[in-house]
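Notes for the one structure printed next.
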Amino acid sequence: MLEIKNLHVEVESKKILNGVTLRIKPGEVHALLGPNGSGKSTLSYVIAGHPKYKVTAGEIQFEGKNVLEMKPEERALAGIFLAFQHPLEISGVNLFNFLFQMAKTRTKSLSPIKFRRHVIDNLEKVGFDESFLDRDLNVGFSGGEKKRTEVLQLLLTNPSLAVLDETDSGLDRDSLKTIGKAIQALRSPKFSALIITHYARLLDYIEPDYVHVMGNGKIVLSGGPEIIEKIEKNGYKDVFKK
Ligand SMILES: Nc1ncnc2c1ncn2[C@@H]1O[C@H](COP(=O)(O)OP(=O)(O)O)[C@@H](O)[C@H]1O
Ligand SMILES: [Mg+2]
């Protein structure tokens with residue numbers, strides 16, 4: 001499904017990723033933890049195709065295709081969904097229209113009335129009421145509401161791979177539960193996810209198959225969910241101690 005091999009990435013001539021290797025099979029959920037500045041968001045931007053991040057070595061394949069040769073929109077159409085740590089605000093485009101335009105890139109003949117009904121069916125899963133649909137995208141939304149917008153997009157997109165960058169940041173305990181359960185409900189043999197998180201709290205609701213810890217642009221530890229417990233208890237210091 002997703003195969004990242006020995007990925008080296010620079011931003012403005014500064015080396016950020018130093019050989020990341022990661023393989024996610026269909027149906028698997030992987031968690032990526034790590035302290036601030038370790039390169040987690042950089043990895044998600046590179047998967048998305050952000051032009052600022054230069055790949056100097058290594059490769060990314062998705063379903064056997066070379067992702068690095070695809071345009072960002074081609075990656076999305078191929079089934080890769082990304083939720084960014086800092087979602088965009090767009091004045092003058094309401095949430096419904098934004099979602100509708102997004103869905104139309106996949107289904108040209110989509111009916112707005114039917115689609116609105118479909119959206120309304122999913123609003124409850126992220127804890128939104130209908131009034132949010134008529135508000136400008138993320139403008140004046142709280143941090144937690146922006147994250148709910150991202151998860152709503154995820155539910156409506158039905159991708160084969162989701163990369164979620166700190167979708168849990170800014171969420172209170174109840175919101176975390178709502179969002180965690182909504183993501184957990186997507187688990188299926190056809191859905192894979194890379195859940196990037198600074199804290200491990202979201203993982204109370206989504207049990208990952210594998211857990212990786214990033215430090216200084218590299219994966220320094222991989223294993224099962226037991227790693228989460230260790231980090232919750234002792235922070236990252238034991239992981240980085242040689
Ligand atoms: N656009 C950028 N310009 C300069 N430095 C950047 C840029 N993006 C990321 N970095 C640097 O790369 C490092 C990793 O950042 P990031 O990937 O955001 O880490 P994380 O998501 O793990 O906190 C940091 O030192 C950060 O300052
Ligand atoms: Mg980050």
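Letters A, B, ... go to the chains of the structure tokens in the order shown; residues in each chain start at 1; ligands are counted from 1 in the same order.
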
Residues of chain A that have any atom at most 12 Å from an atom of ligand 2: could you tabulate them with the shortest-distance atom pair and the distance in Å to one decimal, using only C-alpha atoms and all ligand atoms, ordered by chain and increasing number, as JSON lines?
```
{"residue": "A:Leu32", "atom": "CA", "partner": "ligand 2", "partner_atom_place_in_ligand_line": "1 (Mg)", "distance": 10.7}
{"residue": "A:Leu33", "atom": "CA", "partner": "ligand 2", "partner_atom_place_in_ligand_line": "1 (Mg)", "distance": 9.9}
{"residue": "A:Gly34", "atom": "CA", "partner": "ligand 2", "partner_atom_place_in_ligand_line": "1 (Mg)", "distance": 9.2}
{"residue": "A:Pro35", "atom": "CA", "partner": "ligand 2", "partner_atom_place_in_ligand_line": "1 (Mg)", "distance": 8.9}
{"residue": "A:Asn36", "atom": "CA", "partner": "ligand 2", "partner_atom_place_in_ligand_line": "1 (Mg)", "distance": 6.7}
{"residue": "A:Gly37", "atom": "CA", "partner": "ligand 2", "partner_atom_place_in_ligand_line": "1 (Mg)", "distance": 6.9}
{"residue": "A:Ser38", "atom": "CA", "partner": "ligand 2", "partner_atom_place_in_ligand_line": "1 (Mg)", "distance": 8.1}
{"residue": "A:Gly39", "atom": "CA", "partner": "ligand 2", "partner_atom_place_in_ligand_line": "1 (Mg)", "distance": 7.0}
{"residue": "A:Lys40", "atom": "CA", "partner": "ligand 2", "partner_atom_place_in_ligand_line": "1 (Mg)", "distance": 5.3}
{"residue": "A:Ser41", "atom": "CA", "partner": "ligand 2", "partner_atom_place_in_ligand_line": "1 (Mg)", "distance": 4.0}
{"residue": "A:Thr42", "atom": "CA", "partner": "ligand 2", "partner_atom_place_in_ligand_line": "1 (Mg)", "distance": 7.2}
{"residue": "A:Leu43", "atom": "CA", "partner": "ligand 2", "partner_atom_place_in_ligand_line": "1 (Mg)", "distance": 9.1}
{"residue": "A:Ser44", "atom": "CA", "partner": "ligand 2", "partner_atom_place_in_ligand_line": "1 (Mg)", "distance": 8.7}
{"residue": "A:Tyr45", "atom": "CA", "partner": "ligand 2", "partner_atom_place_in_ligand_line": "1 (Mg)", "distance": 9.8}
{"residue": "A:Ala83", "atom": "CA", "partner": "ligand 2", "partner_atom_place_in_ligand_line": "1 (Mg)", "distance": 11.4}
{"residue": "A:Phe84", "atom": "CA", "partner": "ligand 2", "partner_atom_place_in_ligand_line": "1 (Mg)", "distance": 8.6}
{"residue": "A:Gln85", "atom": "CA", "partner": "ligand 2", "partner_atom_place_in_ligand_line": "1 (Mg)", "distance": 6.3}
{"residue": "A:His86", "atom": "CA", "partner": "ligand 2", "partner_atom_place_in_ligand_line": "1 (Mg)", "distance": 8.9}
{"residue": "A:Leu164", "atom": "CA", "partner": "ligand 2", "partner_atom_place_in_ligand_line": "1 (Mg)", "distance": 10.4}
{"residue": "A:Asp165", "atom": "CA", "partner": "ligand 2", "partner_atom_place_in_ligand_line": "1 (Mg)", "distance": 6.6}
{"residue": "A:Glu166", "atom": "CA", "partner": "ligand 2", "partner_atom_place_in_ligand_line": "1 (Mg)", "distance": 6.8}
{"residue": "A:Thr167", "atom": "CA", "partner": "ligand 2", "partner_atom_place_in_ligand_line": "1 (Mg)", "distance": 10.3}
{"residue": "A:Asp168", "atom": "CA", "partner": "ligand 2", "partner_atom_place_in_ligand_line": "1 (Mg)", "distance": 11.6}
{"residue": "A:Ser169", "atom": "CA", "partner": "ligand 2", "partner_atom_place_in_ligand_line": "1 (Mg)", "distance": 10.0}
{"residue": "A:Ile195", "atom": "CA", "partner": "ligand 2", "partner_atom_place_in_ligand_line": "1 (Mg)", "distance": 11.4}
{"residue": "A:Ile196", "atom": "CA", "partner": "ligand 2", "partner_atom_place_in_ligand_line": "1 (Mg)", "distance": 7.9}
{"residue": "A:Thr197", "atom": "CA", "partner": "ligand 2", "partner_atom_place_in_ligand_line": "1 (Mg)", "distance": 7.9}
{"residue": "A:His198", "atom": "CA", "partner": "ligand 2", "partner_atom_place_in_ligand_line": "1 (Mg)", "distance": 7.7}
{"residue": "A:Tyr199", "atom": "CA", "partner": "ligand 2", "partner_atom_place_in_ligand_line": "1 (Mg)", "distance": 11.3}
{"residue": "A:Met214", "atom": "CA", "partner": "ligand 2", "partner_atom_place_in_ligand_line": "1 (Mg)", "distance": 11.3}
{"residue": "A:Gly217", "atom": "CA", "partner": "ligand 2", "partner_atom_place_in_ligand_line": "1 (Mg)", "distance": 11.9}
```

task: Run DSSP on the backbone and give me the residues of stretch 43-128 of chain A it puts in strand (DSSP E or B), as a PyMOL selection string.
output: chain A and resi 53-62+65-66+80-83+90-94

Who sits within 10 Å of A:Leu77, only C-alpha atoms, same chain under 5 positions skipped, as a PDB file with all heavy atoms, in the first residue's frame:
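For reference, out.pdb as written:
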```pdb
ATOM      1  N   LYS A  71       1.328  14.760  -9.082  1.00  0.00           N
ATOM      2  CA  LYS A  71       0.944  16.082  -8.572  1.00  0.00           C
ATOM      3  C   LYS A  71       0.109  15.881  -7.305  1.00  0.00           C
ATOM      4  O   LYS A  71      -0.529  14.838  -7.155  1.00  0.00           O
ATOM      5  CB  LYS A  71       0.093  16.811  -9.608  1.00  0.00           C
ATOM      6  CG  LYS A  71       0.853  17.178 -10.849  1.00  0.00           C
ATOM      7  CD  LYS A  71      -0.025  18.102 -11.696  1.00  0.00           C
ATOM      8  CE  LYS A  71       0.606  18.352 -13.045  1.00  0.00           C
ATOM      9  NZ  LYS A  71      -0.269  17.961 -14.157  1.00  0.00           N
ATOM     10  N   PRO A  72       0.065  16.903  -6.428  1.00  0.00           N
ATOM     11  CA  PRO A  72      -0.721  16.739  -5.196  1.00  0.00           C
ATOM     12  C   PRO A  72      -2.158  16.279  -5.454  1.00  0.00           C
ATOM     13  O   PRO A  72      -2.665  15.393  -4.756  1.00  0.00           O
ATOM     14  CB  PRO A  72      -0.691  18.143  -4.589  1.00  0.00           C
ATOM     15  CG  PRO A  72       0.567  18.747  -5.111  1.00  0.00           C
ATOM     16  CD  PRO A  72       0.783  18.175  -6.476  1.00  0.00           C
ATOM     17  N   THR A 105     -14.734  16.770  -7.527  1.00  0.00           N
ATOM     18  CA  THR A 105     -13.531  16.384  -8.272  1.00  0.00           C
ATOM     19  C   THR A 105     -13.508  14.874  -8.488  1.00  0.00           C
ATOM     20  O   THR A 105     -12.856  14.376  -9.383  1.00  0.00           O
ATOM     21  CB  THR A 105     -12.227  16.804  -7.540  1.00  0.00           C
ATOM     22  OG1 THR A 105     -12.183  16.146  -6.275  1.00  0.00           O
ATOM     23  CG2 THR A 105     -12.157  18.300  -7.334  1.00  0.00           C
ATOM     24  N   ARG A 106     -14.248  14.153  -7.636  1.00  0.00           N
ATOM     25  CA  ARG A 106     -14.296  12.694  -7.788  1.00  0.00           C
ATOM     26  C   ARG A 106     -15.550  12.230  -8.532  1.00  0.00           C
ATOM     27  O   ARG A 106     -15.507  11.301  -9.297  1.00  0.00           O
ATOM     28  CB  ARG A 106     -14.180  12.016  -6.423  1.00  0.00           C
ATOM     29  CG  ARG A 106     -12.724  11.862  -5.998  1.00  0.00           C
ATOM     30  CD  ARG A 106     -12.584  11.457  -4.554  1.00  0.00           C
ATOM     31  NE  ARG A 106     -12.846  12.597  -3.687  1.00  0.00           N
ATOM     32  CZ  ARG A 106     -13.806  12.644  -2.781  1.00  0.00           C
ATOM     33  NH1 ARG A 106     -14.599  11.613  -2.599  1.00  0.00           N
ATOM     34  NH2 ARG A 106     -13.964  13.721  -2.049  1.00  0.00           N
ATOM     35  N   THR A 157     -14.640  11.524   2.221  1.00  0.00           N
ATOM     36  CA  THR A 157     -13.735  11.183   1.123  1.00  0.00           C
ATOM     37  C   THR A 157     -13.577   9.676   0.954  1.00  0.00           C
ATOM     38  O   THR A 157     -13.371   9.190  -0.151  1.00  0.00           O
ATOM     39  CB  THR A 157     -12.344  11.817   1.373  1.00  0.00           C
ATOM     40  OG1 THR A 157     -12.522  13.194   1.660  1.00  0.00           O
ATOM     41  CG2 THR A 157     -11.448  11.668   0.170  1.00  0.00           C
ATOM     42  N   PRO A 159     -11.087   7.549   1.740  1.00  0.00           N
ATOM     43  CA  PRO A 159      -9.824   7.258   1.048  1.00  0.00           C
ATOM     44  C   PRO A 159      -9.309   5.857   1.391  1.00  0.00           C
ATOM     45  O   PRO A 159      -9.819   5.224   2.320  1.00  0.00           O
ATOM     46  CB  PRO A 159      -8.874   8.301   1.639  1.00  0.00           C
ATOM     47  CG  PRO A 159      -9.368   8.451   3.051  1.00  0.00           C
ATOM     48  CD  PRO A 159     -10.867   8.285   2.987  1.00  0.00           C
TER      49      PRO A 159
END
```

task: Please provide the set of residues having any atom within 8 Å of A:Leu152, restricted to only C-alpha atoms, with same-chain residues fewer than 2 positions apart removed, written as an NGL selection string.
output: :A and (122-123 or 126 or 148-150 or 154-156)

Output file for the residues above (all heavy atoms, as a short mmCIF file (atom, residue, chain, number, x, y, z; two decimals), in the first residue's frame):
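Full text of part.cif as output:
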```cif
data_model
loop_
_atom_site.label_atom_id
_atom_site.label_comp_id
_atom_site.auth_asym_id
_atom_site.auth_seq_id
_atom_site.Cartn_x
_atom_site.Cartn_y
_atom_site.Cartn_z
N ASN A 122 -23.36 12.67 8.22
CA ASN A 122 -22.03 12.50 8.82
C ASN A 122 -21.67 13.55 9.87
O ASN A 122 -20.70 13.38 10.62
CB ASN A 122 -20.95 12.49 7.73
CG ASN A 122 -20.91 11.15 7.02
OD1 ASN A 122 -20.33 10.20 7.53
ND2 ASN A 122 -21.57 11.06 5.88
N LEU A 123 -22.45 14.64 9.90
CA LEU A 123 -22.13 15.73 10.83
C LEU A 123 -22.11 15.26 12.28
O LEU A 123 -21.23 15.63 13.06
CB LEU A 123 -23.17 16.86 10.70
CG LEU A 123 -23.01 17.80 9.52
CD1 LEU A 123 -24.16 18.80 9.52
CD2 LEU A 123 -21.68 18.52 9.56
N VAL A 126 -19.02 13.78 13.86
CA VAL A 126 -17.93 14.65 14.31
C VAL A 126 -18.43 15.68 15.33
O VAL A 126 -17.70 16.58 15.72
CB VAL A 126 -17.22 15.36 13.13
CG1 VAL A 126 -16.60 14.34 12.19
CG2 VAL A 126 -18.15 16.29 12.37
N ARG A 148 -12.36 18.90 13.65
CA ARG A 148 -13.60 18.19 13.29
C ARG A 148 -13.89 18.34 11.80
O ARG A 148 -14.36 17.42 11.15
CB ARG A 148 -14.77 18.74 14.09
CG ARG A 148 -14.73 18.34 15.55
CD ARG A 148 -15.71 19.19 16.33
NE ARG A 148 -15.43 19.09 17.75
CZ ARG A 148 -16.17 18.40 18.62
NH1 ARG A 148 -17.24 17.77 18.21
NH2 ARG A 148 -15.85 18.36 19.88
N THR A 149 -13.59 19.54 11.26
CA THR A 149 -13.76 19.76 9.83
C THR A 149 -12.90 18.78 9.03
O THR A 149 -13.34 18.21 8.03
CB THR A 149 -13.34 21.21 9.46
OG1 THR A 149 -14.06 22.10 10.28
CG2 THR A 149 -13.63 21.52 8.02
N GLU A 150 -11.68 18.58 9.50
CA GLU A 150 -10.77 17.66 8.81
C GLU A 150 -11.32 16.23 8.84
O GLU A 150 -11.27 15.51 7.85
CB GLU A 150 -9.38 17.66 9.48
CG GLU A 150 -8.65 18.98 9.39
CD GLU A 150 -7.95 19.19 8.07
OE1 GLU A 150 -7.08 18.39 7.74
OE2 GLU A 150 -8.30 20.15 7.36
N LEU A 154 -12.54 13.65 5.95
CA LEU A 154 -12.07 12.26 5.89
C LEU A 154 -13.24 11.29 5.72
O LEU A 154 -13.21 10.41 4.87
CB LEU A 154 -11.28 11.94 7.17
CG LEU A 154 -10.95 10.47 7.45
CD1 LEU A 154 -10.01 9.92 6.38
CD2 LEU A 154 -10.32 10.30 8.82
N LEU A 155 -14.30 11.50 6.50
CA LEU A 155 -15.46 10.60 6.42
C LEU A 155 -16.12 10.67 5.05
O LEU A 155 -16.60 9.66 4.53
CB LEU A 155 -16.50 10.96 7.49
CG LEU A 155 -16.06 10.85 8.96
CD1 LEU A 155 -17.20 11.22 9.89
CD2 LEU A 155 -15.54 9.47 9.29
N LEU A 156 -16.14 11.86 4.46
CA LEU A 156 -16.81 12.03 3.17
C LEU A 156 -15.95 11.56 2.01
O LEU A 156 -16.46 11.27 0.93
CB LEU A 156 -17.20 13.50 2.97
CG LEU A 156 -18.24 14.03 3.97
CD1 LEU A 156 -18.34 15.54 3.86
CD2 LEU A 156 -19.60 13.39 3.75
#
```

All alpha helix (DSSP H) positions in stretch 12-162 of chain A, as a PyMOL selection string: chain A and resi 40-48+72-77+95-104+112-123+143-157

- line: A:Pro26 proximity check over A:Glu12, A:Glu63, A:Glu69, A:Asp134, using only C-alpha atoms: winner is A:Glu63

- request: Mind giving me the straight-line distance from atom CA of A:Ile219 to atom 7 (C, counted along the ligand's line) of ligand 1 in Å, one decimal?
  value: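 About the pair atom CA of A:Ile219 and atom 7 (C, counted along the ligand's line) of ligand 1: they are 18.5 Å apart.
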
query: Pick the closest to ligand 1 from A:Glu10, A:Glu3, A:Asp136, A:Asp209: which is it, counting only C-alpha atoms and all ligand atoms?
result: A:Glu10
